[in-house]
Amino acid sequence: VGCCCGRRLNYYYINTPFGSTCTLLFENIKMKFNAAVSSSRRKARKAHFGAHSEARRKLMSANLSKELQARHGVRSMPIRKDDEVLITRGMYKTREGKVTAVYRKKWVVHVERITREKVNGQSIPVGIPASSLVITKLKLDKDRKAKLEAKSKNKDGKKEDAAMTNVD
């Protein structure tokens, strides 16, 4: 049921002799998993769009290709310059190329040969959202290798713990 004052569906509107009021319906309420984390849309959007550069790095992650997922045991990684990617959505779908820039301020990634012509003839790179990309080849340095190993080890550890909980 809707409400007079635009609240969620777990409220309903009652006319009483003393005036109208909104009353809460208890059967539709869902409990939060973690009381320390806000479920406010406003706060979530503020945190997302106001995130600092290092937080944006993590938010601008892309899935690894199936082959890389099988090899490293990791599903996704933050995108960085010199990774090779496949575009999976939008006008440039199925095009591949090397990442030339990760523009965190604008939440986009620039891929080589993905450009458009300006009216004056100048060629400019087109920004592609990180979520529209699949990483097909990683540029591995020692820090990134360590991160991959840590992520895959953490994932394996969780599976073993889950398997051991059913032993009893």
# chains A, B, ... in the order shown; residues from 1 in each chain; ligands from 1
>>> select_by_dssp(residues="region 19-162 of chain A", states="strand (DSSP E or B)", output="MDAnalysis selection string")
chainID A and resid 19:24 61:64 76:78 84:87 96:103 108:117 123:128 133:137
>>> residues_around(residues="region 38-54 of chain A", least_positions_apart="2", cutoff="10 Å", atoms="only C-alpha atoms", output="number ranges by chain")
A: 32, 34-36, 56-59, 103-107
>>> closest_residue(among="A:Lys151, A:Ile135, A:Asp156, A:Glu96", to="Leu68 (chain A)", atoms="only C-alpha atoms")
A:Ile135
>>> residues_around(residues="Gly127 (chain A)", least_positions_apart="2", cutoff="10 Å", atoms="only C-alpha atoms", output="list in words")
Ala101, Val102, Tyr103, Lys106, Trp107, Val108, Val109, His110, Val111, Ile114, Thr115, Ile124, Pro125, Pro129 and Ala130 of chain A
>>> residues_around(residues="Gln69 (chain A)", least_positions_apart="2", cutoff="12 Å", atoms="only C-alpha atoms", output="list in words")
Ala62, Asn63, Leu64, Ser65, Lys66, Glu67, Arg71, His72, Gly73, Val74, Arg75, Ser76, Met77, Val134, Ile135, Thr136, Lys137, Leu138, Leu148, Lys151 and Ser152 of chain A
>>> closest_residue(among="A:Ile128, A:Ser61, A:Asn120, A:Thr88", to="Thr100 (chain A)", atoms="only C-alpha atoms")
A:Ile128
>>> residues_around(residues="Asp141 (chain A)", least_positions_apart="5", cutoff="12 Å", atoms="only C-alpha atoms", output="ChimeraX atom specification")
/A:80,82-83,146-148
>>> write_last_selection(atoms="all heavy atoms", output="mmCIF file, in the first residue's frame")
data_model
loop_
_atom_site.group_PDB
_atom_site.id
_atom_site.type_symbol
_atom_site.label_atom_id
_atom_site.label_comp_id
_atom_site.auth_asym_id
_atom_site.auth_seq_id
_atom_site.Cartn_x
_atom_site.Cartn_y
_atom_site.Cartn_z
ATOM 1 N N ARG A 80 44.181 -0.748 -14.180
ATOM 2 C CA ARG A 80 45.326 0.155 -14.198
ATOM 3 C C ARG A 80 45.817 0.328 -15.628
ATOM 4 O O ARG A 80 45.443 -0.426 -16.524
ATOM 5 C CB ARG A 80 46.442 -0.334 -13.293
ATOM 6 C CG ARG A 80 47.097 -1.613 -13.741
ATOM 7 C CD ARG A 80 48.407 -1.840 -13.054
ATOM 8 N NE ARG A 80 49.405 -0.926 -13.582
ATOM 9 C CZ ARG A 80 50.648 -0.863 -13.145
ATOM 10 N NH1 ARG A 80 51.039 -1.647 -12.175
ATOM 11 N NH2 ARG A 80 51.507 -0.031 -13.678
ATOM 12 N N ASP A 82 47.952 0.139 -18.905
ATOM 13 C CA ASP A 82 48.658 -0.952 -19.598
ATOM 14 C C ASP A 82 47.999 -2.321 -19.454
ATOM 15 O O ASP A 82 48.511 -3.303 -19.984
ATOM 16 C CB ASP A 82 50.137 -1.039 -19.174
ATOM 17 C CG ASP A 82 50.927 0.180 -19.599
ATOM 18 O OD1 ASP A 82 50.569 0.785 -20.638
ATOM 19 O OD2 ASP A 82 51.883 0.541 -18.900
ATOM 20 N N ASP A 83 46.850 -2.431 -18.755
ATOM 21 C CA ASP A 83 46.054 -3.659 -18.827
ATOM 22 C C ASP A 83 45.435 -3.739 -20.218
ATOM 23 O O ASP A 83 45.174 -2.706 -20.842
ATOM 24 C CB ASP A 83 44.915 -3.638 -17.801
ATOM 25 C CG ASP A 83 45.365 -3.948 -16.387
ATOM 26 O OD1 ASP A 83 46.488 -4.432 -16.210
ATOM 27 O OD2 ASP A 83 44.567 -3.696 -15.464
ATOM 28 N N ALA A 146 51.450 -9.948 -5.674
ATOM 29 C CA ALA A 146 51.219 -10.219 -4.250
ATOM 30 C C ALA A 146 49.737 -10.062 -3.918
ATOM 31 O O ALA A 146 49.172 -10.857 -3.154
ATOM 32 C CB ALA A 146 52.057 -9.277 -3.398
ATOM 33 N N LYS A 147 49.104 -9.031 -4.474
ATOM 34 C CA LYS A 147 47.678 -8.797 -4.221
ATOM 35 C C LYS A 147 46.840 -9.948 -4.772
ATOM 36 O O LYS A 147 45.898 -10.408 -4.119
ATOM 37 C CB LYS A 147 47.258 -7.460 -4.848
ATOM 38 C CG LYS A 147 45.889 -7.004 -4.453
ATOM 39 C CD LYS A 147 45.849 -6.634 -2.982
ATOM 40 C CE LYS A 147 44.514 -6.031 -2.632
ATOM 41 N NZ LYS A 147 44.387 -5.795 -1.202
ATOM 42 N N LEU A 148 47.167 -10.421 -5.980
ATOM 43 C CA LEU A 148 46.457 -11.555 -6.581
ATOM 44 C C LEU A 148 46.588 -12.800 -5.706
ATOM 45 O O LEU A 148 45.606 -13.508 -5.467
ATOM 46 C CB LEU A 148 47.006 -11.860 -7.974
ATOM 47 C CG LEU A 148 46.388 -11.121 -9.147
ATOM 48 C CD1 LEU A 148 47.184 -11.385 -10.411
ATOM 49 C CD2 LEU A 148 44.946 -11.517 -9.344
#
>>> atom_distance(atom1="CA of Glu84 (chain A)", atom2="CA of Val126 (chain A)")
16.1 Å
>>> atom_distance(atom1="CA of Val99 (chain A)", atom2="CA of Arg113 (chain A)")
9.9 Å
>>> atom_distance(atom1="CA of Leu140 (chain A)", atom2="CA of Ile79 (chain A)")
11.6 Å
>>> select_by_dssp(residues="region 39-102 of chain A", states="alpha helix (DSSP H)", output="count of residues only")
23
